[in-house]
$ cat coords.cif   # mmCIF, C-alpha atoms (C1' of nucleotides)
data_data
#
loop_
_atom_site.label_atom_id
_atom_site.label_comp_id
_atom_site.auth_asym_id
_atom_site.auth_seq_id
_atom_site.Cartn_x
_atom_site.Cartn_y
_atom_site.Cartn_z
CA MET L 1 -20.61 20.43 60.89
CA THR L 2 -17.44 21.62 62.58
CA GLN L 3 -16.23 25.18 62.82
CA THR L 4 -13.41 24.45 60.39
CA GLN L 5 -15.67 22.94 57.75
CA GLU L 6 -18.04 25.84 57.97
CA GLN L 7 -15.23 28.32 57.61
CA GLU L 8 -13.76 26.59 54.61
CA LEU L 9 -17.05 26.41 52.82
CA GLU L 10 -18.04 29.99 53.48
CA GLN L 11 -14.76 31.80 53.40
CA ASP L 12 -12.28 31.74 50.54
CA LEU L 13 -9.46 29.28 50.38
CA ASP L 14 -6.03 30.52 51.31
CA LEU L 15 -4.38 29.62 48.04
CA VAL L 16 -0.84 29.77 49.35
CA ALA L 17 -1.67 27.38 52.19
CA VAL L 18 -3.43 25.07 49.75
CA PHE L 19 -0.50 25.04 47.35
CA LYS L 20 1.96 24.48 50.18
CA ALA L 21 -0.10 21.55 51.38
CA LEU L 22 -0.18 20.05 47.89
CA GLY L 23 3.48 20.76 47.23
CA HIS L 24 4.55 17.53 48.87
CA PRO L 25 4.45 14.23 47.02
CA THR L 26 3.06 12.18 49.90
CA ARG L 27 0.34 14.65 50.82
CA LEU L 28 -0.69 14.95 47.19
CA ALA L 29 -0.81 11.17 46.96
CA ILE L 30 -2.92 10.90 50.12
CA LEU L 31 -5.49 13.26 48.65
CA GLY L 32 -5.63 11.01 45.61
CA TRP L 33 -5.98 7.85 47.69
CA LEU L 34 -8.95 9.34 49.48
CA LYS L 35 -10.88 9.35 46.22
CA ASP L 36 -11.26 5.62 46.76
CA PRO L 37 -11.85 5.16 50.50
CA GLU L 38 -13.02 1.59 50.04
CA SER L 39 -9.58 0.61 48.81
CA PHE L 40 -8.33 0.88 52.39
CA PRO L 41 -8.57 -2.02 54.83
CA PRO L 42 -11.97 -2.47 56.47
CA GLN L 43 -12.80 -0.52 59.61
CA ASP L 44 -15.65 -0.29 62.10
CA GLN L 45 -17.37 2.58 60.35
CA PRO L 46 -17.60 2.41 56.54
CA ALA L 47 -14.85 4.54 55.01
CA GLY L 48 -17.14 5.71 52.25
CA GLU L 49 -19.36 7.40 54.82
CA VAL L 50 -17.13 8.70 57.60
CA GLY L 51 -13.74 8.72 55.94
CA VAL L 52 -10.54 6.75 56.31
CA CYS L 53 -8.98 6.21 59.70
CA LEU L 54 -5.53 7.68 60.26
CA LYS L 55 -3.89 4.32 60.87
CA HIS L 56 -4.67 3.18 57.35
CA ILE L 57 -3.40 6.36 55.80
CA GLN L 58 -0.24 6.08 57.85
CA ALA L 59 0.29 2.49 56.75
CA ARG L 60 -0.08 3.28 53.07
CA ALA L 61 2.09 6.38 53.27
CA GLU L 62 4.77 4.47 55.16
CA VAL L 63 5.53 7.28 57.58
CA SER L 64 5.47 7.46 61.36
CA GLN L 65 2.25 8.01 63.27
CA SER L 66 3.20 11.57 64.17
CA THR L 67 4.11 12.44 60.59
CA ALA L 68 0.83 11.03 59.31
CA SER L 69 -1.08 13.04 61.88
CA GLN L 70 0.76 16.19 60.91
CA PHE L 71 0.21 15.61 57.21
CA MET L 72 -3.50 15.32 57.75
CA ALA L 73 -3.53 18.41 59.95
CA ILE L 74 -1.87 20.39 57.17
CA LEU L 75 -4.39 19.15 54.61
CA GLN L 76 -7.19 19.92 57.02
CA ARG L 77 -5.99 23.43 57.81
CA ALA L 78 -5.78 24.04 54.07
CA GLY L 79 -9.42 22.97 53.89
CA LEU L 80 -8.77 20.06 51.55
CA VAL L 81 -9.98 17.33 53.90
CA THR L 82 -12.37 17.09 56.79
CA CYS L 83 -12.00 15.03 59.92
CA THR L 84 -14.76 13.04 61.56
CA ARG L 85 -13.85 11.83 64.99
CA ILE L 86 -15.75 8.75 66.15
CA GLY L 87 -14.66 7.23 69.39
CA GLN L 88 -10.92 6.99 69.33
CA TRP L 89 -10.64 7.16 65.55
CA SER L 90 -10.10 10.17 63.36
CA HIS L 91 -11.54 9.61 59.93
CA TYR L 92 -10.46 11.77 57.05
CA SER L 93 -12.35 12.46 53.84
CA ARG L 94 -11.80 14.76 50.90
CA ASN L 95 -13.57 18.10 51.05
CA GLU L 96 -14.96 17.85 47.54
CA ARG L 97 -16.53 21.27 47.61
CA ALA L 98 -13.24 22.90 48.52
CA ILE L 99 -11.39 20.92 45.88
CA GLU L 100 -13.92 21.90 43.27
CA ALA L 101 -13.63 25.52 44.38
CA LEU L 102 -9.88 25.23 44.04
CA GLY L 103 -10.22 24.05 40.45
CA GLN L 104 -12.46 27.01 39.71
CA LYS L 105 -10.09 29.39 41.35
CA VAL L 106 -7.07 28.04 39.50
CA THR L 107 -8.92 28.34 36.22
CA LEU L 108 -10.35 31.77 36.85
CA SER L 109 -8.10 33.74 39.14
CA ILE L 110 -4.58 32.41 39.12
CA MET T 1 9.63 27.83 20.41
CA THR T 2 12.17 26.86 23.02
CA GLN T 3 12.90 23.36 24.23
CA THR T 4 11.33 24.11 27.59
CA GLN T 5 8.10 25.44 26.15
CA GLU T 6 7.79 22.45 23.90
CA GLN T 7 8.37 20.07 26.78
CA GLU T 8 5.83 21.74 28.99
CA LEU T 9 3.19 21.75 26.33
CA GLU T 10 3.72 18.17 25.29
CA GLN T 11 4.62 16.47 28.52
CA ASP T 12 2.51 16.54 31.66
CA LEU T 13 3.01 19.08 34.38
CA ASP T 14 4.87 17.95 37.44
CA LEU T 15 2.13 18.84 39.88
CA VAL T 16 4.33 18.82 42.95
CA ALA T 17 6.79 21.26 41.36
CA VAL T 18 3.90 23.44 40.24
CA PHE T 19 2.35 23.52 43.70
CA LYS T 20 5.70 24.23 45.31
CA ALA T 21 6.24 27.10 42.93
CA LEU T 22 2.80 28.53 43.74
CA GLY T 23 3.16 27.92 47.47
CA HIS T 24 4.90 31.22 48.00
CA PRO T 25 3.00 34.46 48.30
CA THR T 26 5.34 36.53 46.17
CA ARG T 27 5.59 34.01 43.36
CA LEU T 28 1.84 33.60 43.32
CA ALA T 29 1.47 37.37 43.17
CA ILE T 30 3.93 37.65 40.30
CA LEU T 31 1.92 35.18 38.27
CA GLY T 32 -1.11 37.34 38.87
CA TRP T 33 0.69 40.55 37.93
CA LEU T 34 1.71 39.02 34.62
CA LYS T 35 -1.94 38.89 33.63
CA ASP T 36 -1.64 42.62 33.02
CA PRO T 37 1.79 43.13 31.47
CA GLU T 38 0.95 46.66 30.38
CA SER T 39 0.62 47.72 33.99
CA PHE T 40 4.41 47.57 34.27
CA PRO T 41 6.62 50.52 33.33
CA PRO T 42 7.31 50.91 29.62
CA GLN T 43 10.17 49.00 28.06
CA ASP T 44 11.84 48.76 24.65
CA GLN T 45 9.80 45.79 23.52
CA PRO T 46 6.06 45.86 24.28
CA ALA T 47 5.36 43.78 27.38
CA GLY T 48 2.12 42.47 25.92
CA GLU T 49 4.08 40.76 23.15
CA VAL T 50 7.38 39.61 24.60
CA GLY T 51 6.68 39.65 28.31
CA VAL T 52 7.80 41.73 31.25
CA CYS T 53 11.46 42.42 31.86
CA LEU T 54 12.95 41.06 35.06
CA LYS T 55 13.86 44.49 36.41
CA HIS T 56 10.23 45.51 36.54
CA ILE T 57 9.16 42.32 38.26
CA GLN T 58 11.96 42.75 40.75
CA ALA T 59 10.92 46.31 41.49
CA ARG T 60 7.29 45.44 42.11
CA ALA T 61 8.15 42.40 44.22
CA GLU T 62 10.61 44.43 46.28
CA VAL T 63 13.24 41.70 46.42
CA SER T 64 16.86 41.63 45.36
CA GLN T 65 17.88 41.04 41.76
CA SER T 66 19.09 37.53 42.53
CA THR T 67 15.92 36.59 44.38
CA ALA T 68 13.78 37.86 41.52
CA SER T 69 15.82 35.86 39.05
CA GLN T 70 15.48 32.74 41.15
CA PHE T 71 11.73 33.21 41.59
CA MET T 72 11.28 33.40 37.84
CA ALA T 73 13.50 30.37 37.31
CA ILE T 74 11.32 28.37 39.69
CA LEU T 75 8.15 29.47 37.91
CA GLN T 76 9.77 28.68 34.59
CA ARG T 77 10.95 25.21 35.61
CA ALA T 78 7.42 24.53 36.81
CA GLY T 79 6.27 25.48 33.32
CA LEU T 80 4.08 28.35 34.49
CA VAL T 81 5.95 31.11 32.65
CA THR T 82 8.11 31.35 29.58
CA CYS T 83 11.15 33.50 29.07
CA THR T 84 11.97 35.46 25.93
CA ARG T 85 15.49 36.78 25.87
CA ILE T 86 15.99 39.81 23.67
CA GLY T 87 19.38 41.47 23.83
CA GLN T 88 20.25 41.85 27.46
CA TRP T 89 16.69 41.57 28.69
CA SER T 90 14.85 38.51 29.89
CA HIS T 91 11.12 38.93 29.39
CA TYR T 92 8.69 36.74 31.24
CA SER T 93 5.12 35.89 30.28
CA ARG T 94 2.49 33.56 31.64
CA ASN T 95 2.29 30.18 29.95
CA GLU T 96 -1.47 30.32 29.55
CA ARG T 97 -1.71 26.84 28.07
CA ALA T 98 0.09 25.32 31.03
CA ILE T 99 -2.04 27.29 33.48
CA GLU T 100 -5.19 26.18 31.75
CA ALA T 101 -3.94 22.59 31.81
CA LEU T 102 -3.29 22.98 35.51
CA GLY T 103 -6.87 24.08 36.09
CA GLN T 104 -8.10 21.03 34.19
CA LYS T 105 -5.82 18.75 36.12
CA VAL T 106 -6.86 20.16 39.47
CA THR T 107 -10.49 19.74 38.56
CA LEU T 108 -10.17 16.27 37.10
CA SER T 109 -7.33 14.44 38.72
CA ILE T 110 -6.50 15.88 42.09
"C1'" DG F 1 38.85 47.58 23.04
"C1'" DC F 2 36.37 49.48 27.27
"C1'" DA F 3 32.60 50.75 30.42
"C1'" DC F 4 28.19 49.79 31.60
"C1'" DA F 5 23.64 47.53 32.01
"C1'" DC F 6 21.02 43.22 32.60
"C1'" DC F 7 20.77 38.89 34.22
"C1'" DA F 8 22.12 34.02 35.94
"C1'" DT F 9 24.64 31.60 39.14
"C1'" DC F 10 27.62 30.90 43.20
"C1'" DG F 11 28.45 30.81 48.20
"C1'" DG F 12 26.85 31.78 52.32
"C1'" DT F 13 23.46 32.39 56.47
"C1'" DA F 14 18.82 32.49 58.33
"C1'" DA F 15 14.38 30.63 58.42
"C1'" DA F 16 11.07 27.16 57.42
"C1'" DT F 17 9.75 22.50 56.69
"C1'" DA F 18 10.22 17.37 57.27
"C1'" DC F 19 10.44 13.80 60.12
"C1'" DC F 20 10.96 11.09 64.10
"C1'" DG F 21 10.51 9.33 69.03
"C1'" DA F 22 8.57 10.52 73.33
"C1'" DT F 23 4.75 12.23 75.85
"C1'" DA F 24 -0.02 13.77 76.69
"C1'" DT F 25 -4.96 13.14 75.82
"C1'" DT F 26 -9.03 10.74 75.15
"C1'" DG F 27 -12.13 6.77 74.57
"C1'" DC F 28 -13.02 1.99 75.27
"C1'" DG F 29 -13.40 -2.45 77.41
"C1'" DA F 30 -12.09 -5.58 81.24
"C1'" DT W 1 -10.40 1.83 88.12
"C1'" DC W 2 -6.82 0.17 85.13
"C1'" DG W 3 -4.63 -0.87 80.90
"C1'" DC W 4 -4.63 -0.40 76.10
"C1'" DA W 5 -5.38 1.57 71.51
"C1'" DA W 6 -5.74 5.67 68.49
"C1'" DT W 7 -4.41 10.15 67.93
"C1'" DA W 8 -2.51 14.91 68.78
"C1'" DT W 9 1.17 17.50 70.28
"C1'" DC W 10 5.87 18.40 72.01
"C1'" DG W 11 10.94 18.70 71.47
"C1'" DG W 12 14.52 17.74 68.91
"C1'" DT W 13 17.66 17.12 64.55
"C1'" DA W 14 18.21 16.96 59.56
"C1'" DT W 15 17.01 18.69 55.31
"C1'" DT W 16 15.17 22.10 52.34
"C1'" DT W 17 13.98 26.62 51.09
"C1'" DA W 18 14.50 31.78 51.26
"C1'" DC W 19 17.19 35.39 50.58
"C1'" DC W 20 21.06 38.24 49.97
"C1'" DG W 21 25.64 40.11 48.21
"C1'" DA W 22 29.29 38.98 45.22
"C1'" DT W 23 30.83 37.19 40.96
"C1'" DG W 24 30.68 35.96 36.11
"C1'" DG W 25 28.78 35.91 31.46
"C1'" DT W 26 26.79 38.46 27.69
"C1'" DG W 27 24.97 42.21 24.89
"C1'" DT W 28 25.29 47.34 23.80
"C1'" DG W 29 27.14 51.69 22.84
"C1'" DC W 30 31.19 54.57 22.80
#

$ encode --input "coords.cif" --output "structure tokens"
Amino acid sequence: MTQTQEQELEQDLDLVAVFKALGHPTRLAILGWLKDPESFPPQDQPAGEVGVCLKHIQARAEVSQSTASQFMAILQRAGLVTCTRIGQWSHYSRNERAIEALGQKVTLSI
Amino acid sequence: MTQTQEQELEQDLDLVAVFKALGHPTRLAILGWLKDPESFPPQDQPAGEVGVCLKHIQARAEVSQSTASQFMAILQRAGLVTCTRIGQWSHYSRNERAIEALGQKVTLSI
DNA sequence: GCACACCATCGGTAAATACCGATATTGCGA
DNA sequence: TCGCAATATCGGTATTTACCGATGGTGTGC
């Protein structure tokens, strides 16, 4: 488990950063797409286990490589996704615990 | 019931607009403050019933009158607050049903 | 009617975000 | 080692957002 994951599970979410990350139609859509990793094209490692490779996210979002990378970095810094690097690929998955915590927090403390 | 309230209760929340509205520290704080309307200075109409007058929100947020007005308009367009105009005062309250619906939506469909 | 208070909107500038192409970094296979 | 593929980061421009003061509309009391 990476430093970032650990932090996001222990420490509270920064709600403003989370809302900023979600306040963009493409980023919000990406988070939705990641609920069904198998819907992406096949890749060396199974998407259901390690996450979806950036290339596939970029292709579906129809943005440049750098924009896709930045989108995922924003989602990751907000704690909403995690990144598993295997070889030259960065695989992204939803951080379900953080997303569940967000739902709780919206319901209880917004 | 106003047109806007009706719309926001019937029709689905625009999640991106909601997240944009909440992706600002002051606006997020205002929404929290409105949970305790009585904590604001007294006003002609009881804040618990009609909402908090803009002047008081402006004072606590320490922004200009125009900025305060715009903040509340953004929250209102996102459906998170409602506005009750009485005489020359605009009173703002949390739209608890919309906020609850947001919690549901975050939990179920994000 | 007039003066005043409250608020929304206009018009502007400053700051932040979006987005891209180019470049740097890293891993892999020949 | 070299070249290539995947990704992160840099440097720039365009767009959006933040924020204010000024202005305008509306209600209230004199």

$ interface_residues --input "coords.cif" --of "chain L" --to "chain T" --cutoff "9 Å" --atoms "all atoms listed in the file" --output "list in words"
Leu15, Val16, Ala17, Val18, Phe19, Lys20, Ala21, Leu22, Gly23, His24, Pro25, Leu28, Ala29, Leu31, Gly32, Lys35, Ile99, Glu100, Ala101, Leu102, Gly103, Gln104, Lys105, Val106, Thr107, Leu108, Ser109 and Ile110 of chain L

$ closest_atom_pairs --input "coords.cif" --of "chain F" --to "chain T" --cutoff "8 Å" --atoms "all atoms listed in the file" --output "Markdown table"
| residue | atom | partner | partner_atom | distance |
| --- | --- | --- | --- | --- |
| F:DC6 | C1' | T:Gln88 | CA | 5.4 |
| F:DC7 | C1' | T:Ser90 | CA | 7.3 |
| F:DA8 | C1' | T:Ser69 | CA | 7.3 |

$ closest_residue --input "coords.cif" --among "L:Ser64, L:Leu80, L:His56, L:Asp14" --to "Ser93 in chain L" --atoms "only C-alpha atoms"
L:Leu80

$ axis_aligned_box --input "coords.cif" --around "range 15-26 of chain F" --padding-each-side "5 Å" --output "lines of an AutoDock Vina configuration file"
center_x = 2.7
center_y = 20.0
center_z = 66.7
size_x = 33.4
size_y = 31.3
size_z = 30.0

$ resolve_selection --input "coords.cif" --expression "the PyMOL selection byres ((chain W) within 8 of (chain T))" --output "ChimeraX atom specification"
/W:19-20,26-27

$ resolve_selection --input "coords.cif" --expression "the PyMOL selection byres ((chain W and resi 9) around 10)" --output "tab-separated table (two decimals) with C-alpha atoms (C1' of nucleotides), keeping the file's coordinate frame"
chain	number	residue	atom	x	y	z
L	66	SER	CA	3.20	11.57	64.17
L	69	SER	CA	-1.08	13.04	61.88
L	70	GLN	CA	0.76	16.19	60.91
F	23	DT	C1'	4.75	12.23	75.85
F	24	DA	C1'	-0.02	13.77	76.69
F	25	DT	C1'	-4.96	13.14	75.82
W	7	DT	C1'	-4.41	10.15	67.93
W	8	DA	C1'	-2.51	14.91	68.78
W	10	DC	C1'	5.87	18.40	72.01
W	11	DG	C1'	10.94	18.70	71.47

$ resolve_selection --input "coords.cif" --expression "the PyMOL selection byres ((chain W and resi 15) around 8)" --output "PyMOL selection string"
(chain F and resi 18) or (chain W and resi 14+16)

$ write_last_selection --input "coords.cif" --atoms "C-alpha atoms (C1' of nucleotides)" --output "PDB file, in the coordinates of the input"
ATOM      1  C1'  DA F  18      10.220  17.370  57.270  1.00  0.00           C
TER       2       DA F  18
ATOM      3  C1'  DA W  14      18.210  16.960  59.560  1.00  0.00           C
ATOM      4  C1'  DT W  16      15.170  22.100  52.340  1.00  0.00           C
TER       5       DT W  16
END

$ atom_distance --input "coords.cif" --atom1 "CA of Phe40 in chain T" --atom2 "CA of Arg77 in chain T"
23.3 Å

$ atom_distance --input "coords.cif" --atom1 "CA of Arg60 in chain L" --atom2 "C1' of DA6 in chain W"
16.6 Å

$ decode --input "coords.cif" --residues "range 15-34 of chain T" --atoms "N, CA and C atoms" --output "PDB file, in the first residue's frame"
ATOM      1  N   LEU T  15     -25.118  17.111 -10.983  1.00  0.00           N
ATOM      2  CA  LEU T  15     -24.031  16.818 -10.054  1.00  0.00           C
ATOM      3  C   LEU T  15     -22.820  17.707 -10.276  1.00  0.00           C
ATOM      4  N   VAL T  16     -22.496  17.967 -11.533  1.00  0.00           N
ATOM      5  CA  VAL T  16     -21.319  18.795 -11.787  1.00  0.00           C
ATOM      6  C   VAL T  16     -21.512  20.192 -11.204  1.00  0.00           C
ATOM      7  N   ALA T  17     -22.687  20.771 -11.399  1.00  0.00           N
ATOM      8  CA  ALA T  17     -22.955  22.105 -10.842  1.00  0.00           C
ATOM      9  C   ALA T  17     -22.906  22.067  -9.320  1.00  0.00           C
ATOM     10  N   VAL T  18     -23.426  20.996  -8.743  1.00  0.00           N
ATOM     11  CA  VAL T  18     -23.406  20.871  -7.289  1.00  0.00           C
ATOM     12  C   VAL T  18     -21.964  20.801  -6.789  1.00  0.00           C
ATOM     13  N   PHE T  19     -21.149  19.969  -7.427  1.00  0.00           N
ATOM     14  CA  PHE T  19     -19.774  19.811  -6.971  1.00  0.00           C
ATOM     15  C   PHE T  19     -18.980  21.096  -7.196  1.00  0.00           C
ATOM     16  N   LYS T  20     -19.250  21.786  -8.288  1.00  0.00           N
ATOM     17  CA  LYS T  20     -18.578  23.072  -8.487  1.00  0.00           C
ATOM     18  C   LYS T  20     -18.954  24.052  -7.383  1.00  0.00           C
ATOM     19  N   ALA T  21     -20.216  24.067  -7.047  1.00  0.00           N
ATOM     20  CA  ALA T  21     -20.671  24.988  -6.004  1.00  0.00           C
ATOM     21  C   ALA T  21     -19.987  24.672  -4.672  1.00  0.00           C
ATOM     22  N   LEU T  22     -19.821  23.393  -4.387  1.00  0.00           N
ATOM     23  CA  LEU T  22     -19.234  22.982  -3.106  1.00  0.00           C
ATOM     24  C   LEU T  22     -17.707  23.012  -3.137  1.00  0.00           C
ATOM     25  N   GLY T  23     -17.140  23.160  -4.309  1.00  0.00           N
ATOM     26  CA  GLY T  23     -15.685  23.142  -4.438  1.00  0.00           C
ATOM     27  C   GLY T  23     -15.055  24.480  -4.146  1.00  0.00           C
ATOM     28  N   HIS T  24     -15.583  25.147  -3.180  1.00  0.00           N
ATOM     29  CA  HIS T  24     -15.042  26.448  -2.760  1.00  0.00           C
ATOM     30  C   HIS T  24     -15.169  26.542  -1.255  1.00  0.00           C
ATOM     31  N   PRO T  25     -14.076  26.800  -0.562  1.00  0.00           N
ATOM     32  CA  PRO T  25     -14.115  26.701   0.891  1.00  0.00           C
ATOM     33  C   PRO T  25     -15.181  27.579   1.547  1.00  0.00           C
ATOM     34  N   THR T  26     -15.335  28.788   1.051  1.00  0.00           N
ATOM     35  CA  THR T  26     -16.306  29.676   1.690  1.00  0.00           C
ATOM     36  C   THR T  26     -17.738  29.210   1.458  1.00  0.00           C
ATOM     37  N   ARG T  27     -18.019  28.786   0.221  1.00  0.00           N
ATOM     38  CA  ARG T  27     -19.390  28.330  -0.044  1.00  0.00           C
ATOM     39  C   ARG T  27     -19.705  27.073   0.756  1.00  0.00           C
ATOM     40  N   LEU T  28     -18.723  26.190   0.864  1.00  0.00           N
ATOM     41  CA  LEU T  28     -18.945  24.988   1.663  1.00  0.00           C
ATOM     42  C   LEU T  28     -19.194  25.354   3.121  1.00  0.00           C
ATOM     43  N   ALA T  29     -18.441  26.341   3.602  1.00  0.00           N
ATOM     44  CA  ALA T  29     -18.617  26.776   4.986  1.00  0.00           C
ATOM     45  C   ALA T  29     -20.002  27.380   5.190  1.00  0.00           C
ATOM     46  N   ILE T  30     -20.439  28.187   4.242  1.00  0.00           N
ATOM     47  CA  ILE T  30     -21.757  28.819   4.372  1.00  0.00           C
ATOM     48  C   ILE T  30     -22.838  27.756   4.531  1.00  0.00           C
ATOM     49  N   LEU T  31     -22.748  26.726   3.705  1.00  0.00           N
ATOM     50  CA  LEU T  31     -23.751  25.668   3.782  1.00  0.00           C
ATOM     51  C   LEU T  31     -23.754  25.035   5.173  1.00  0.00           C
ATOM     52  N   GLY T  32     -22.563  24.916   5.742  1.00  0.00           N
ATOM     53  CA  GLY T  32     -22.485  24.389   7.102  1.00  0.00           C
ATOM     54  C   GLY T  32     -23.077  25.355   8.118  1.00  0.00           C
ATOM     55  N   TRP T  33     -22.775  26.620   7.977  1.00  0.00           N
ATOM     56  CA  TRP T  33     -23.306  27.618   8.922  1.00  0.00           C
ATOM     57  C   TRP T  33     -24.831  27.600   8.943  1.00  0.00           C
ATOM     58  N   LEU T  34     -25.410  27.364   7.780  1.00  0.00           N
ATOM     59  CA  LEU T  34     -26.874  27.436   7.676  1.00  0.00           C
ATOM     60  C   LEU T  34     -27.555  26.295   8.417  1.00  0.00           C
TER      61      LEU T  34
END
